[in-house]
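**Q** Just target.cif, nothing more (mmCIF, C-alpha atoms):
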```cif
data_run
loop_
_atom_site.label_atom_id
_atom_site.label_comp_id
_atom_site.auth_asym_id
_atom_site.auth_seq_id
_atom_site.Cartn_x
_atom_site.Cartn_y
_atom_site.Cartn_z
CA MET A 1 4.13 114.13 -15.15
CA LYS A 2 7.53 114.31 -16.79
CA ALA A 3 9.16 111.58 -18.83
CA PRO A 4 12.03 109.59 -17.33
CA SER A 5 15.52 110.06 -18.75
CA PHE A 6 16.44 108.35 -21.97
CA ALA A 7 18.96 108.75 -24.74
CA TYR A 8 17.94 109.93 -28.19
CA ALA A 9 19.27 109.16 -31.63
CA LYS A 10 18.00 110.23 -35.02
CA PRO A 11 19.35 108.02 -37.83
CA ARG A 12 19.57 109.58 -41.29
CA SER A 13 18.93 106.30 -43.10
CA ILE A 14 17.28 102.99 -42.34
CA GLU A 15 20.72 101.31 -42.49
CA GLU A 16 21.83 103.58 -39.63
CA ALA A 17 18.70 102.70 -37.66
CA PHE A 18 19.27 98.92 -37.42
CA PRO A 19 22.43 98.93 -35.26
CA LEU A 20 20.81 101.52 -32.95
CA LEU A 21 17.81 99.24 -32.47
CA GLU A 22 20.11 96.44 -31.33
CA ARG A 23 21.20 98.44 -28.30
CA PRO A 24 19.63 97.42 -24.98
CA GLY A 25 16.35 99.15 -24.19
CA ALA A 26 16.07 100.75 -27.63
CA ARG A 27 12.63 101.67 -28.90
CA ILE A 28 11.39 103.25 -32.13
CA LEU A 29 9.89 106.74 -31.96
CA ALA A 30 7.67 107.60 -34.94
CA GLY A 31 4.95 110.25 -34.50
CA GLY A 32 5.08 109.78 -30.75
CA GLN A 33 1.39 110.45 -30.14
CA SER A 34 0.99 107.35 -27.98
CA LEU A 35 4.60 106.75 -26.96
CA ILE A 36 5.32 110.23 -25.58
CA ALA A 37 2.06 110.21 -23.62
CA SER A 38 3.07 106.87 -22.10
CA LEU A 39 6.56 108.25 -21.33
CA ASN A 40 5.01 111.29 -19.61
CA MET A 41 2.86 108.94 -17.54
CA ARG A 42 5.94 106.79 -16.87
CA LEU A 43 4.22 103.73 -18.26
CA SER A 44 7.26 102.97 -20.37
CA ALA A 45 10.94 103.52 -19.72
CA PRO A 46 13.10 102.97 -22.80
CA GLU A 47 16.83 103.55 -22.53
CA LEU A 48 17.17 104.84 -26.07
CA LEU A 49 14.61 106.34 -28.42
CA VAL A 50 15.46 105.85 -32.07
CA ASP A 51 13.61 108.65 -33.87
CA ILE A 52 12.81 107.40 -37.37
CA GLY A 53 11.22 110.73 -38.30
CA GLY A 54 14.14 111.51 -40.61
CA LEU A 55 13.63 108.48 -42.87
CA SER A 56 11.90 110.31 -45.69
CA LYS A 57 11.46 107.16 -47.80
CA LEU A 58 8.81 106.05 -45.33
CA ARG A 59 6.60 109.04 -46.19
CA ASP A 60 5.50 107.91 -49.65
CA ILE A 61 2.13 106.79 -50.93
CA SER A 62 2.50 104.76 -54.15
CA GLN A 63 0.55 102.48 -56.46
CA GLN A 64 1.75 98.88 -56.38
CA PRO A 65 0.46 95.69 -58.06
CA GLY A 66 -0.91 94.55 -54.70
CA GLY A 67 -2.72 97.82 -54.01
CA LEU A 68 -1.88 101.16 -52.49
CA ARG A 69 1.35 101.17 -50.52
CA ILE A 70 1.41 103.68 -47.68
CA GLY A 71 4.68 104.40 -45.88
CA ALA A 72 4.86 103.97 -42.13
CA LEU A 73 5.49 107.69 -41.52
CA VAL A 74 2.48 108.96 -43.46
CA THR A 75 0.40 110.89 -40.92
CA HIS A 76 -3.32 110.52 -40.23
CA ALA A 77 -3.82 114.04 -41.60
CA GLU A 78 -2.07 113.08 -44.85
CA ILE A 79 -4.25 109.97 -45.17
CA GLU A 80 -7.31 112.13 -44.54
CA ARG A 81 -6.31 114.52 -47.36
CA SER A 82 -4.84 112.07 -49.90
CA LEU A 83 -6.88 111.75 -53.11
CA ASP A 84 -5.17 108.40 -53.84
CA VAL A 85 -6.40 107.04 -50.51
CA LYS A 86 -9.88 108.46 -50.98
CA PHE A 87 -10.15 106.93 -54.45
CA HIS A 88 -8.50 103.54 -53.96
CA VAL A 89 -8.91 102.73 -50.25
CA PRO A 90 -11.84 104.86 -49.11
CA LEU A 91 -12.11 102.84 -45.88
CA LEU A 92 -8.89 104.45 -44.61
CA ALA A 93 -9.97 107.91 -45.70
CA ALA A 94 -13.21 107.42 -43.77
CA ALA A 95 -11.38 106.12 -40.68
CA ALA A 96 -8.74 108.85 -40.36
CA PRO A 97 -11.03 111.70 -39.19
CA HIS A 98 -12.12 109.53 -36.25
CA ILE A 99 -8.59 109.33 -34.88
CA ALA A 100 -8.24 111.73 -31.94
CA HIS A 101 -8.06 115.43 -32.94
CA PRO A 102 -6.47 117.55 -35.69
CA ALA A 103 -3.34 118.42 -33.66
CA ILE A 104 -2.72 114.72 -33.01
CA ARG A 105 -3.52 113.68 -36.59
CA ASN A 106 -0.85 116.09 -37.80
CA ARG A 107 1.84 113.99 -36.09
CA GLY A 108 0.47 110.49 -35.52
CA THR A 109 1.48 107.96 -38.18
CA LEU A 110 0.01 104.91 -39.89
CA GLY A 111 3.01 102.78 -38.93
CA GLY A 112 2.91 103.89 -35.32
CA SER A 113 -0.74 102.96 -35.01
CA LEU A 114 -0.31 99.54 -36.67
CA ALA A 115 2.84 98.71 -34.70
CA LEU A 116 1.32 99.70 -31.35
CA ALA A 117 -1.80 97.58 -32.01
CA ASP A 118 -4.06 99.35 -29.55
CA PRO A 119 -7.28 97.31 -29.46
CA ALA A 120 -9.32 100.52 -29.76
CA ALA A 121 -7.37 101.87 -32.74
CA GLU A 122 -8.91 102.41 -36.16
CA TYR A 123 -6.19 101.32 -38.61
CA PRO A 124 -5.60 97.78 -37.30
CA ALA A 125 -9.30 97.01 -37.88
CA CYS A 126 -9.13 98.58 -41.36
CA ALA A 127 -6.02 96.53 -42.17
CA LEU A 128 -7.78 93.36 -41.03
CA ALA A 129 -10.97 94.08 -43.02
CA LEU A 130 -8.93 94.87 -46.15
CA ASN A 131 -6.54 91.96 -45.54
CA ALA A 132 -3.65 94.38 -45.91
CA THR A 133 -0.04 93.27 -46.09
CA LEU A 134 2.36 94.74 -43.54
CA ILE A 135 5.93 95.23 -44.66
CA LEU A 136 8.69 94.66 -42.12
CA GLN A 137 12.32 95.35 -42.81
CA SER A 138 15.32 94.05 -40.93
CA ARG A 139 19.04 94.46 -41.54
CA LYS A 140 18.99 91.38 -43.76
CA ALA A 141 15.61 91.03 -45.38
CA GLU A 142 12.12 92.29 -46.00
CA ARG A 143 9.24 90.27 -44.60
CA ARG A 144 5.60 90.58 -45.64
CA VAL A 145 2.90 89.63 -43.16
CA SER A 146 -0.86 89.60 -43.67
CA ALA A 147 -2.94 91.62 -41.23
CA ALA A 148 -4.75 88.41 -40.27
CA THR A 149 -1.57 87.08 -38.62
CA PHE A 150 0.11 90.39 -37.70
CA PHE A 151 -2.13 91.33 -34.76
CA LYS A 152 -1.45 88.77 -32.06
CA GLY A 153 -3.00 90.23 -28.92
CA LEU A 154 -3.20 93.25 -26.65
CA PHE A 155 -0.53 95.65 -27.94
CA GLU A 156 1.17 92.57 -29.39
CA THR A 157 2.20 92.10 -33.01
CA ASP A 158 4.33 89.84 -35.18
CA ILE A 159 7.17 92.42 -35.32
CA ARG A 160 10.45 90.68 -34.38
CA PRO A 161 13.41 92.28 -32.64
CA GLY A 162 15.48 94.27 -35.13
CA GLU A 163 12.56 94.80 -37.53
CA ILE A 164 11.04 98.11 -38.54
CA LEU A 165 7.51 98.36 -39.90
CA VAL A 166 8.18 100.37 -43.06
CA GLY A 167 4.70 100.44 -44.56
CA ALA A 168 1.60 98.55 -45.55
CA GLU A 169 -0.08 97.59 -48.79
CA PHE A 170 -3.84 97.97 -48.92
CA PRO A 171 -5.84 96.16 -51.63
CA LYS A 172 -8.04 98.55 -53.58
CA VAL A 173 -11.60 98.00 -52.41
CA GLU A 174 -14.17 100.54 -53.44
CA ARG A 175 -17.12 99.62 -51.28
CA SER A 176 -16.54 100.14 -47.61
CA VAL A 177 -18.10 101.44 -44.43
CA PHE A 178 -16.39 102.83 -41.37
CA LEU A 179 -18.41 103.50 -38.22
CA GLU A 180 -17.62 104.03 -34.58
CA LEU A 181 -19.52 105.01 -31.46
CA THR A 182 -17.82 107.37 -29.03
CA ARG A 183 -18.90 109.51 -26.09
CA ARG A 184 -17.30 112.55 -27.73
CA HIS A 185 -15.75 112.97 -31.18
CA GLY A 186 -12.13 111.85 -31.06
CA ASP A 187 -12.45 109.65 -27.98
CA TYR A 188 -11.55 105.99 -28.20
CA ALA A 189 -14.43 104.02 -29.67
CA ILE A 190 -16.85 102.13 -27.43
CA VAL A 191 -17.31 99.87 -30.45
CA GLY A 192 -16.15 100.36 -34.03
CA LEU A 193 -16.74 98.66 -37.38
CA ALA A 194 -14.56 98.58 -40.48
CA GLY A 195 -16.25 96.74 -43.32
CA VAL A 196 -15.57 96.14 -47.01
CA ALA A 197 -17.37 94.24 -49.75
CA ASP A 198 -16.37 93.05 -53.20
CA ALA A 199 -17.40 90.25 -55.55
CA SER A 200 -16.04 87.63 -53.14
CA GLY A 201 -18.21 88.84 -50.25
CA LYS A 202 -18.07 90.95 -47.13
CA ARG A 203 -15.27 91.30 -44.60
CA ILE A 204 -16.30 93.06 -41.41
CA ALA A 205 -13.86 93.81 -38.59
CA PHE A 206 -14.89 95.09 -35.18
CA PHE A 207 -12.58 96.94 -32.81
CA SER A 208 -12.69 97.94 -29.15
CA VAL A 209 -14.42 94.63 -28.47
CA ASP A 210 -11.45 92.39 -27.71
CA SER A 211 -7.68 92.45 -27.16
CA ARG A 212 -7.24 92.89 -30.93
CA PRO A 213 -9.53 93.60 -33.90
CA VAL A 214 -11.87 90.71 -34.71
CA LEU A 215 -13.29 89.57 -38.05
CA ALA A 216 -17.00 88.85 -37.74
CA LYS A 217 -16.98 85.90 -40.13
CA THR A 218 -20.38 84.41 -39.36
CA ALA A 219 -22.12 87.77 -39.56
CA ALA A 220 -20.34 88.67 -42.80
CA ALA A 221 -21.40 85.40 -44.44
CA ALA A 222 -25.06 85.77 -43.42
CA ARG A 223 -27.68 86.28 -46.12
CA SER A 224 -29.84 88.70 -44.16
CA LEU A 225 -29.27 91.32 -41.49
CA GLU A 226 -31.34 89.23 -39.05
CA ASP A 227 -29.03 86.24 -39.54
CA GLY A 228 -26.05 88.60 -39.40
CA LEU A 229 -27.12 89.88 -35.98
CA LEU A 230 -27.49 86.29 -34.73
CA GLY A 231 -24.10 85.47 -36.21
CA LEU A 232 -22.52 88.39 -34.37
CA LYS A 233 -23.23 86.62 -31.08
CA LYS A 234 -20.98 83.77 -32.25
CA ASP A 235 -18.29 86.09 -33.60
CA LEU A 236 -17.90 88.47 -30.68
CA SER A 237 -17.66 88.17 -26.91
CA PRO A 238 -16.74 91.73 -26.01
CA ALA A 239 -14.92 92.52 -22.80
CA ALA A 240 -16.64 95.12 -20.62
CA ASP A 241 -14.89 98.48 -20.12
CA LEU A 242 -15.30 101.10 -17.38
CA TYR A 243 -18.60 102.35 -18.78
CA ASN A 244 -20.10 99.57 -20.87
CA THR A 245 -20.97 95.99 -20.06
CA SER A 246 -20.25 93.15 -22.43
CA ALA A 247 -23.96 92.95 -23.32
CA THR A 248 -24.06 96.68 -24.14
CA LYS A 249 -21.05 96.38 -26.40
CA LEU A 250 -22.54 93.40 -28.21
CA HIS A 251 -25.79 95.33 -28.66
CA LEU A 252 -23.90 98.35 -30.01
CA ALA A 253 -21.91 96.14 -32.39
CA GLY A 254 -25.27 95.00 -33.73
CA VAL A 255 -26.37 98.63 -34.13
CA LEU A 256 -23.27 99.30 -36.23
CA LEU A 257 -23.80 96.14 -38.26
CA SER A 258 -27.37 97.27 -39.01
CA ARG A 259 -26.12 100.67 -40.17
CA ALA A 260 -23.45 99.15 -42.40
CA TRP A 261 -25.48 96.27 -43.78
CA ASN A 262 -27.25 97.84 -46.76
CA THR A 263 -24.12 99.51 -48.13
CA LEU A 264 -22.14 96.29 -47.89
CA SER A 265 -24.96 94.16 -49.34
CA LYS A 266 -25.69 95.95 -52.60
CA PRO A 267 -25.25 93.63 -55.60
CA HIS A 268 -21.99 93.96 -57.51
CA MET B 1 23.92 109.04 -24.73
CA GLU B 2 21.46 110.53 -22.26
CA HIS B 3 23.28 113.82 -22.55
CA ALA B 4 21.76 116.89 -24.08
CA VAL B 5 21.34 117.13 -27.82
CA GLU B 6 22.18 120.30 -29.70
CA THR B 7 18.98 121.50 -31.29
CA THR B 8 18.36 124.44 -33.60
CA LEU B 9 14.85 125.65 -34.29
CA THR B 10 13.08 128.83 -35.25
CA VAL B 11 10.65 130.13 -32.66
CA ASN B 12 8.31 132.91 -33.73
CA GLY B 13 10.81 133.86 -36.43
CA THR B 14 13.89 133.88 -34.19
CA ARG B 15 16.56 131.21 -34.64
CA VAL B 16 17.43 129.48 -31.38
CA THR B 17 20.17 126.92 -30.64
CA ARG B 18 20.22 125.13 -27.30
CA ARG B 19 21.47 121.89 -25.81
CA ILE B 20 18.33 120.07 -24.69
CA ALA B 21 17.86 116.90 -22.64
CA PRO B 22 15.87 114.38 -24.76
CA ARG B 23 13.18 113.95 -22.08
CA VAL B 24 12.10 117.60 -22.25
CA HIS B 25 8.95 118.08 -24.30
CA LEU B 26 8.43 121.06 -26.55
CA VAL B 27 6.17 123.09 -24.26
CA ASP B 28 8.47 122.74 -21.24
CA PHE B 29 11.29 123.97 -23.46
CA LEU B 30 9.27 126.94 -24.74
CA ARG B 31 8.12 127.88 -21.24
CA ASP B 32 11.18 127.17 -19.11
CA GLU B 33 14.00 127.87 -21.51
CA LEU B 34 12.51 130.63 -23.67
CA GLY B 35 10.00 132.14 -21.23
CA LEU B 36 7.11 131.74 -23.66
CA THR B 37 4.47 130.91 -21.07
CA GLY B 38 1.42 131.42 -23.28
CA SER B 39 1.41 127.72 -24.17
CA HIS B 40 0.03 125.96 -21.13
CA ILE B 41 0.51 122.53 -19.62
CA GLY B 42 -2.67 120.81 -18.51
CA CYS B 43 -2.74 117.04 -18.63
CA GLU B 44 0.65 116.32 -20.22
CA GLN B 45 -0.79 113.25 -21.92
CA GLY B 46 -2.28 114.67 -25.09
CA VAL B 47 -5.88 114.91 -23.91
CA CYS B 48 -6.65 118.51 -22.93
CA GLY B 49 -5.09 120.47 -25.80
CA ALA B 50 -3.87 123.39 -23.63
CA CYS B 51 -0.34 123.01 -25.02
CA THR B 52 -1.28 123.49 -28.70
CA VAL B 53 1.50 125.13 -30.74
CA ARG B 54 2.31 125.23 -34.44
CA VAL B 55 5.20 123.28 -35.90
CA ASN B 56 6.01 123.85 -39.57
CA GLY B 57 2.63 125.52 -40.01
CA GLU B 58 0.50 122.78 -38.46
CA ILE B 59 -0.91 122.60 -34.95
CA VAL B 60 0.47 119.88 -32.67
CA ARG B 61 0.26 118.85 -29.04
CA GLY B 62 3.34 120.47 -27.51
CA CYS B 63 3.40 117.86 -24.74
CA LEU B 64 3.52 114.99 -27.25
CA MET B 65 6.58 116.19 -29.09
CA LEU B 66 10.09 116.19 -27.69
CA ALA B 67 11.90 119.49 -28.00
CA VAL B 68 14.80 117.68 -29.71
CA GLN B 69 12.35 116.50 -32.40
CA ALA B 70 11.82 120.15 -33.33
CA ASP B 71 15.39 120.38 -34.64
CA GLY B 72 15.22 122.22 -37.96
CA CYS B 73 11.55 123.09 -37.47
CA SER B 74 9.71 126.39 -37.39
CA VAL B 75 7.67 126.72 -34.20
CA GLU B 76 4.98 129.35 -33.65
CA THR B 77 3.29 130.06 -30.34
CA ILE B 78 0.41 132.25 -29.21
CA GLU B 79 2.94 135.03 -28.50
CA GLY B 80 4.15 135.03 -32.10
CA LEU B 81 0.70 134.84 -33.64
CA SER B 82 -0.59 137.62 -31.36
CA ASP B 83 2.32 139.90 -32.28
CA SER B 84 1.97 139.25 -36.00
CA GLY B 85 -1.72 140.16 -35.87
CA GLU B 86 -2.74 136.94 -37.60
CA MET B 87 -5.29 136.18 -34.91
CA LYS B 88 -6.65 139.66 -34.39
CA ARG B 89 -10.18 138.93 -35.60
CA LEU B 90 -10.43 135.75 -33.59
CA GLN B 91 -9.07 137.40 -30.45
CA GLU B 92 -11.55 140.27 -30.76
CA ALA B 93 -14.37 137.77 -31.26
CA PHE B 94 -13.38 135.85 -28.11
CA HIS B 95 -13.37 139.15 -26.21
CA LEU B 96 -16.72 140.26 -27.62
CA HIS B 97 -18.44 136.92 -26.95
CA ASN B 98 -16.92 136.47 -23.50
CA ALA B 99 -15.47 133.19 -24.72
CA PHE B 100 -13.32 132.59 -21.67
CA GLN B 101 -13.46 132.81 -17.92
CA CYS B 102 -10.20 131.71 -16.30
CA GLY B 103 -8.35 131.88 -19.63
CA PHE B 104 -6.22 128.79 -19.13
CA CYS B 105 -7.43 127.07 -22.30
CA THR B 106 -7.72 130.27 -24.35
CA PRO B 107 -4.31 130.45 -26.11
CA ALA B 108 -4.74 126.87 -27.34
CA MET B 109 -8.39 127.47 -28.26
CA LEU B 110 -7.21 130.34 -30.44
CA MET B 111 -4.41 128.25 -31.98
CA ALA B 112 -6.86 125.45 -32.85
CA ALA B 113 -9.62 127.76 -34.11
CA GLN B 114 -7.15 129.68 -36.28
CA GLU B 115 -6.65 126.43 -38.25
CA LEU B 116 -10.23 126.82 -39.46
CA VAL B 117 -9.86 130.56 -40.11
CA LYS B 118 -6.77 129.85 -42.25
CA GLN B 119 -8.82 127.64 -44.58
CA LYS B 120 -10.86 130.69 -45.67
CA LYS B 121 -14.08 128.66 -45.76
CA ARG B 122 -17.34 128.83 -43.83
CA PHE B 123 -18.08 126.19 -41.20
CA SER B 124 -21.25 125.05 -39.41
CA ARG B 125 -21.44 124.97 -35.61
CA GLU B 126 -21.26 121.19 -35.78
CA GLU B 127 -18.08 121.32 -37.85
CA ILE B 128 -16.57 123.86 -35.47
CA ARG B 129 -17.41 121.64 -32.50
CA VAL B 130 -15.86 118.58 -34.15
CA HIS B 131 -12.69 120.53 -34.97
CA MET B 132 -12.45 121.96 -31.44
CA SER B 133 -13.22 118.64 -29.71
CA GLY B 134 -9.57 118.16 -28.79
CA ASN B 135 -9.42 121.33 -26.68
CA TYR B 136 -10.97 121.23 -23.23
CA CYS B 137 -12.46 124.18 -21.37
CA ARG B 138 -13.60 123.66 -17.79
CA CYS B 139 -15.36 127.05 -17.40
CA THR B 140 -17.50 128.11 -20.32
CA GLY B 141 -19.38 125.01 -21.40
CA TYR B 142 -18.10 125.80 -24.93
CA GLN B 143 -21.20 127.71 -26.05
CA ALA B 144 -19.48 131.10 -26.02
CA ILE B 145 -16.33 129.70 -27.61
CA VAL B 146 -18.31 128.25 -30.51
CA ASP B 147 -20.26 131.55 -30.74
CA ALA B 148 -16.99 133.48 -31.05
CA ILE B 149 -15.53 131.19 -33.71
CA GLU B 150 -18.82 131.11 -35.57
CA SER B 151 -18.92 134.92 -35.69
CA VAL B 152 -15.67 134.84 -37.68
CA ILE B 153 -16.15 131.83 -39.99
CA GLY B 154 -19.76 130.64 -39.46
CA LYS B 155 -22.05 129.66 -42.30
#
```
Reformat the file's structure so that it appears as structure tokens.
**A**
Amino acid sequence: MKAPSFAYAKPRSIEEAFPLLERPGARILAGGQSLIASLNMRLSAPELLVDIGGLSKLRDISQQPGGLRIGALVTHAEIERSLDVKFHVPLLAAAAPHIAHPAIRNRGTLGGSLALADPAAEYPACALALNATLILQSRKAERRVSAATFFKGLFETDIRPGEILVGAEFPKVERSVFLELTRRHGDYAIVGLAGVADASGKRIAFFSVDSRPVLAKTAAAARSLEDGLLGLKKDLSPAADLYNTSATKLHLAGVLLSRAWNTLSKPH
Amino acid sequence: MEHAVETTLTVNGTRVTRRIAPRVHLVDFLRDELGLTGSHIGCEQGVCGACTVRVNGEIVRGCLMLAVQADGCSVETIEGLSDSGEMKRLQEAFHLHNAFQCGFCTPAMLMAAQELVKQKKRFSREEIRVHMSGNYCRCTGYQAIVDAIESVIGK
């Protein structure tokens, strides 16, 4: 189908973007890989698209005291290729190749994925496992929100009207595992796992199991895989999808936990 | 503000300036406005890959990019890459291996596969299949397409 009519504006600076976002029916356009599909299907009908693609400051990857800061407009392909990401936040580097297909990864952005908060998306689960900090900017101030409170529900986040997600800071965690099960490479995951481990323990997030990514706290605290698998039943109550029952998804989450367990359990 | 936006882009080496309605995606613009009908429209929701074109040297879904977003960009289509001869080996391989039947997906298959050829490396069948997973073909069952690509860059 064809998209409905809308107006289009491309601010040259973030200061120019804020007043545009205050107009009725305004919506941010970043990489557009989910938004333009939903426009074509007429699932959304914004009055004004504010294309932030020209805000070059949001394309940086930089070292910060709190970890690696990645700008909202950094694409999946750039994350896939970045040596900084591979070295400091290997979980993200491992996740990126699972996102759709090369042509989509060339345009889709980190910020777009985090801000949309699709329950089947890879980055929100990575952000949760890493306890990343999301950086929101408004006309007046910058606000920093932890991933644990940022994802509120199905396609629902803590972003307030007038705020732009400008980037995220990911703590440097060396040991990590990223796994997902799909029918074909690039499809949305049936179940996915993003896990990290450091001296303080394991943090394991599952995605495609609920309206938002879920931390499997009981499983992560377990001393053995057997206890972890039992714990998973407390942590997750997956919703069925068109092809998989809740019980299947829970079983598959256990399969992923088994595959990730040894890597995440090695002594530090 | 819903009026057309003046947009200047380079298409297959030729500079083009047009006033474009924001709702028009890149492939509709290329097909309807410029007559470049080699880029096809299948699903129009980013799934099938038939609309694959190059923007600033990288392949993208032409249905998931607004034409106005291409302002200042260099766009290449199957027409341009056929004329330049860049894809000659790949095109001959598709012909030789009978890697298409109806041909609807073929221009985009070539655009996607050329991304691997450009890297000047060798790839396994599995790697080729993973790379090509975003391009659907409803005729061949993919075997012949992978055969053709493998004959050019296979391990």
**Q** Between A:Leu229, A:Ala125, A:Ala45, A:Ala117, which has the minimum distance to Ala95 (chain A) (counting all atoms listed in the file)?
**A**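 Answer, going by the shortest atom-to-atom distance: A:Ala125.
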**Q** Could you tell me, as a short mmCIF file (atom, residue, chain, number, x, y, z; two decimals) with C-alpha atoms, keeping the file's coordinate frame, exactly which residues end up selected when the PyMOL selection byres ((chain A) within 8 of (chain B)) is applied to this structure?
**A**
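Listing of out_17.cif after writing:
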```cif
data_model
loop_
_atom_site.label_atom_id
_atom_site.label_comp_id
_atom_site.auth_asym_id
_atom_site.auth_seq_id
_atom_site.Cartn_x
_atom_site.Cartn_y
_atom_site.Cartn_z
CA MET A 1 4.13 114.13 -15.15
CA LYS A 2 7.53 114.31 -16.79
CA ALA A 3 9.16 111.58 -18.83
CA PRO A 4 12.03 109.59 -17.33
CA SER A 5 15.52 110.06 -18.75
CA PHE A 6 16.44 108.35 -21.97
CA ALA A 7 18.96 108.75 -24.74
CA TYR A 8 17.94 109.93 -28.19
CA GLY A 32 5.08 109.78 -30.75
CA GLN A 33 1.39 110.45 -30.14
CA ILE A 36 5.32 110.23 -25.58
CA ALA A 37 2.06 110.21 -23.62
CA SER A 38 3.07 106.87 -22.10
CA ASN A 40 5.01 111.29 -19.61
CA MET A 41 2.86 108.94 -17.54
CA ALA A 100 -8.24 111.73 -31.94
CA HIS A 101 -8.06 115.43 -32.94
CA PRO A 102 -6.47 117.55 -35.69
CA ALA A 103 -3.34 118.42 -33.66
CA ILE A 104 -2.72 114.72 -33.01
CA ASN A 106 -0.85 116.09 -37.80
CA ARG A 107 1.84 113.99 -36.09
CA ARG A 184 -17.30 112.55 -27.73
CA HIS A 185 -15.75 112.97 -31.18
CA GLY A 186 -12.13 111.85 -31.06
#
```
**Q** Applied to the shown file, which residues does the PyMOL selection byres ((chain A and resi 9-26) around 10) return, written as a ChimeraX atom specification?
**A** /A:6-8,27-29,45-58,137-140,161-164,166 /B:1-2,5,22,68-69
**Q** Would you translate the PyMOL selection byres ((chain A and resi 75) around 7) into the concrete set of residues it matches in this file, as a list in words?
**A**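 So the PyMOL selection byres ((chain A and resi 75) around 7), applied here, picks out Leu73, Val74, His76, Ala77, Glu78, Ile79, Arg105, Asn106, Arg107, Gly108, Thr109 and Leu110 of chain A.
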**Q** For the residues in that selection, give me C-alpha atoms as a compact mmCIF listing (two decimals), in the coordinates of the input.
**A**
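Resulting contents of result_26.txt:
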```
# COMPACT_ATOMS: atom_id res chain seq x y z
CA LEU A 73 5.49 107.69 -41.52
CA VAL A 74 2.48 108.96 -43.46
CA HIS A 76 -3.32 110.52 -40.23
CA ALA A 77 -3.82 114.04 -41.60
CA GLU A 78 -2.07 113.08 -44.85
CA ILE A 79 -4.25 109.97 -45.17
CA ARG A 105 -3.52 113.68 -36.59
CA ASN A 106 -0.85 116.09 -37.80
CA ARG A 107 1.84 113.99 -36.09
CA GLY A 108 0.47 110.49 -35.52
CA THR A 109 1.48 107.96 -38.18
CA LEU A 110 0.01 104.91 -39.89
```
**Q** Find the distance between CA of Leu91 (chain A) and CA of Leu130 (chain A) and write it in Å to one decimal.
**A**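 Pair CA of Leu91 (chain A) / CA of Leu130 (chain A) returns 8.6 Å.
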**Q** In Å to one decimal, how far is CA of Thr149 (chain A) from CA of Leu264 (chain A)?
**A**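 Computing the Euclidean distance for CA of Leu264 (chain A) and CA of Thr149 (chain A) yields 24.4 Å.
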**Q** Give me the residues near Ser246 (chain A) as a PyMOL selection string, where near means some atom within 12 Å (using all atoms listed in the file) and where sequence neighbours in that chain fewer than 4 positions away do not count.
**A** chain A and resi 190-191+208-210+233+236-242+250-253
**Q** Just the number, please: distance in Å from CA of Ala220 (chain A) to CA of Val173 (chain A), one decimal.
**A** 16.0 Å
**Q** Neighbouring residues of Asp32 (chain B) were defined as those with any atom within 12 Å, considering only C-alpha atoms; residues of the same chain fewer than 6 positions away were excluded. Please report them as a list in words.
**A**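 Within the cut-off, the hits are Ile20, Val24, His25, Leu26, Gly38, Ser39, His40, Ile41 and Ala67 of chain B.
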**Q** How would you write as a list of chain:residue names the residues that get within 10 Å of (1.1, 134.6, -29.4) in the file's frame, counting only C-alpha atoms?
**A**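 Counting only C-alpha atoms, I find these residues within 10 Å of (1.1, 134.6, -29.4): B:Asn12, B:Leu36, B:Thr37, B:Gly38, B:Ser39, B:Val53, B:Glu76, B:Thr77, B:Ile78, B:Glu79, B:Gly80, B:Leu81, B:Ser82, B:Asp83, B:Ser84, B:Gly85, B:Glu86, B:Met87, B:Pro107, B:Ala108, B:Leu110, B:Met111.
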**Q** So, with only C-alpha atoms as the atoms that count, which of B:Asp71, B:Asp147, B:Glu92, B:Glu127 lies closest to Glu6 (chain B)?
**A**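 Under the stated criterion, the closest residue is B:Asp71.
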**Q** Could you name the residues that touch Arg89 (chain B) at 10 Å or less, counting only C-alpha atoms, but leaving out those on the same chain fewer than 5 positions away, as a list in words?
**A**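 Here the qualifying residues turn out to be Phe94, His95, Gln114, Val117, Ala148, Ile149, Ser151 and Val152 of chain B.
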**Q** Counting all atoms listed in the file, what is within 7 Å of region 100-106 of chain B, bar same-chain residues fewer than 6 positions away, as an MDAnalysis selection string?
**A** chainID B and resid 50 136:137 139:140
